[in-house]
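Everything below belongs to target.txt, which stores compact mmCIF, C-alpha atoms and all ligand atoms.
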```txt
# COMPACT_ATOMS: atom_id res chain seq x y z
CA MET A 1 -36.74 -14.43 6.83
CA ALA A 2 -34.02 -16.81 7.94
CA VAL A 3 -33.04 -16.35 11.57
CA PRO A 4 -29.98 -17.90 13.26
CA LYS A 5 -30.98 -20.69 15.61
CA PHE A 6 -28.10 -20.11 18.00
CA ARG A 7 -26.19 -17.09 19.15
CA THR A 8 -22.59 -16.95 17.82
CA SER A 9 -20.21 -17.64 20.70
CA LYS A 10 -17.52 -15.13 21.65
CA SER A 11 -14.95 -17.66 20.49
CA LYS A 12 -16.48 -18.14 17.02
CA ARG A 13 -17.08 -14.39 16.65
CA ASP A 14 -13.48 -13.58 17.57
CA MET A 15 -12.11 -16.35 15.34
CA ARG A 16 -14.03 -14.81 12.43
CA ARG A 17 -12.63 -11.37 13.26
CA SER A 18 -9.05 -12.62 13.56
CA HIS A 19 -8.53 -11.64 9.89
CA HIS A 20 -10.00 -8.15 10.29
CA PHE A 21 -6.84 -6.08 10.42
CA LEU A 22 -5.15 -3.60 8.13
CA THR A 23 -1.81 -4.24 6.46
CA ALA A 24 0.52 -1.55 5.21
CA PRO A 25 0.88 -1.28 1.41
CA GLY A 26 4.18 -2.43 -0.06
CA SER A 27 6.82 0.16 -0.83
CA SER A 28 10.27 0.29 -2.42
CA VAL A 29 13.06 2.87 -2.42
CA CYS A 30 14.04 4.20 -5.85
CA LYS A 31 17.64 3.34 -6.81
CA ASN A 32 17.84 6.49 -8.93
CA CYS A 33 16.49 9.24 -6.65
CA GLY A 34 15.92 7.51 -3.31
CA SER A 35 12.23 8.31 -3.04
CA VAL A 36 9.62 5.76 -1.98
CA TYR A 37 7.45 4.27 -4.74
CA ARG A 38 5.07 1.34 -5.23
CA PRO A 39 6.83 -1.93 -6.11
CA HIS A 40 6.84 -3.06 -9.77
CA SER A 41 5.99 0.50 -10.85
CA VAL A 42 7.74 3.42 -12.49
CA CYS A 43 9.06 5.90 -9.92
CA ALA A 44 6.71 8.90 -10.14
CA ASN A 45 9.40 11.23 -8.76
CA CYS A 46 12.10 10.69 -11.41
CA GLY A 47 10.38 8.42 -13.99
CA SER A 48 12.85 5.54 -13.69
CA TYR A 49 12.19 1.80 -13.70
CA LYS A 50 14.86 -0.73 -12.66
CA GLY A 51 17.44 2.07 -12.59
CA LYS A 52 16.69 3.35 -16.13
CA ILE A 53 14.83 6.56 -16.99
CA VAL A 54 11.79 5.41 -18.99
CA MET A 55 9.53 8.47 -18.90
CA ALA A 56 9.38 12.08 -17.81
CA PRO A 57 8.47 12.45 -14.14
CA LYS A 58 4.84 13.22 -13.47
CA ALA A 59 3.45 15.98 -11.27
CA LYS A 60 3.22 15.28 -7.55
CA THR A 61 0.34 13.00 -6.57
CA ALA A 62 -1.40 12.19 -3.31
CA TRP A 63 0.68 9.01 -3.14
CA GLN A 64 3.83 11.15 -2.87
CA GLY A 65 2.63 13.28 0.02
CA GLU A 66 5.46 15.14 1.67
CA ASP A 67 4.98 13.38 5.00
CA PHE A 68 5.24 9.97 3.30
CA THR A 69 8.40 10.69 1.31
CA GLN A 70 10.20 12.31 4.25
CA ALA A 71 9.70 9.24 6.47
ZN ZN B 1 13.05 7.82 -8.55
```

For the file at hand, write its structure as structure tokens.
Ligand SMILES: [Zn+2]
Amino acid sequence: MAVPKFRTSKSKRDMRRSHHFLTAPGSSVCKNCGSVYRPHSVCANCGSYKGKIVMAPKAKTAWQGEDFTQA
């Protein structure tokens, strides 16, 4: 089994971990109904895309949790 010859320094370890953070997902506000939806997607609340109604709105999903849409 391969074993590291040298211990990783605090500096190298922390440099490696400098990318280990979470980023918030992108979000847009619907021009038709004002709810928050994922960018480049049909609004699940009113079924509009780029200001036009393109489909019937779907049932509420986990993405549209009440706490998220109220914020
Ligand atoms: Zn909408």

Could you tell me, counting only C-alpha atoms and all ligand atoms, which protein and nucleic acid residues lie no more than 10 Å from ligand ZN 1 (chain B), written as a PyMOL selection string?
chain A and resi 29-37+42-53+57

Tell me, in Å to one decimal, how far atom CA of His40 of chain A is from atom CA of Ala24 of chain A.
16.3 Å

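The spacing separating atom CA of Met55 of chain A from atom CA of Gly26 of chain A amounts to 22.4 Å.
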
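Take atom CA of Phe21 of chain A and atom CA of Phe6 of chain A: the distance between them is 26.6 Å.
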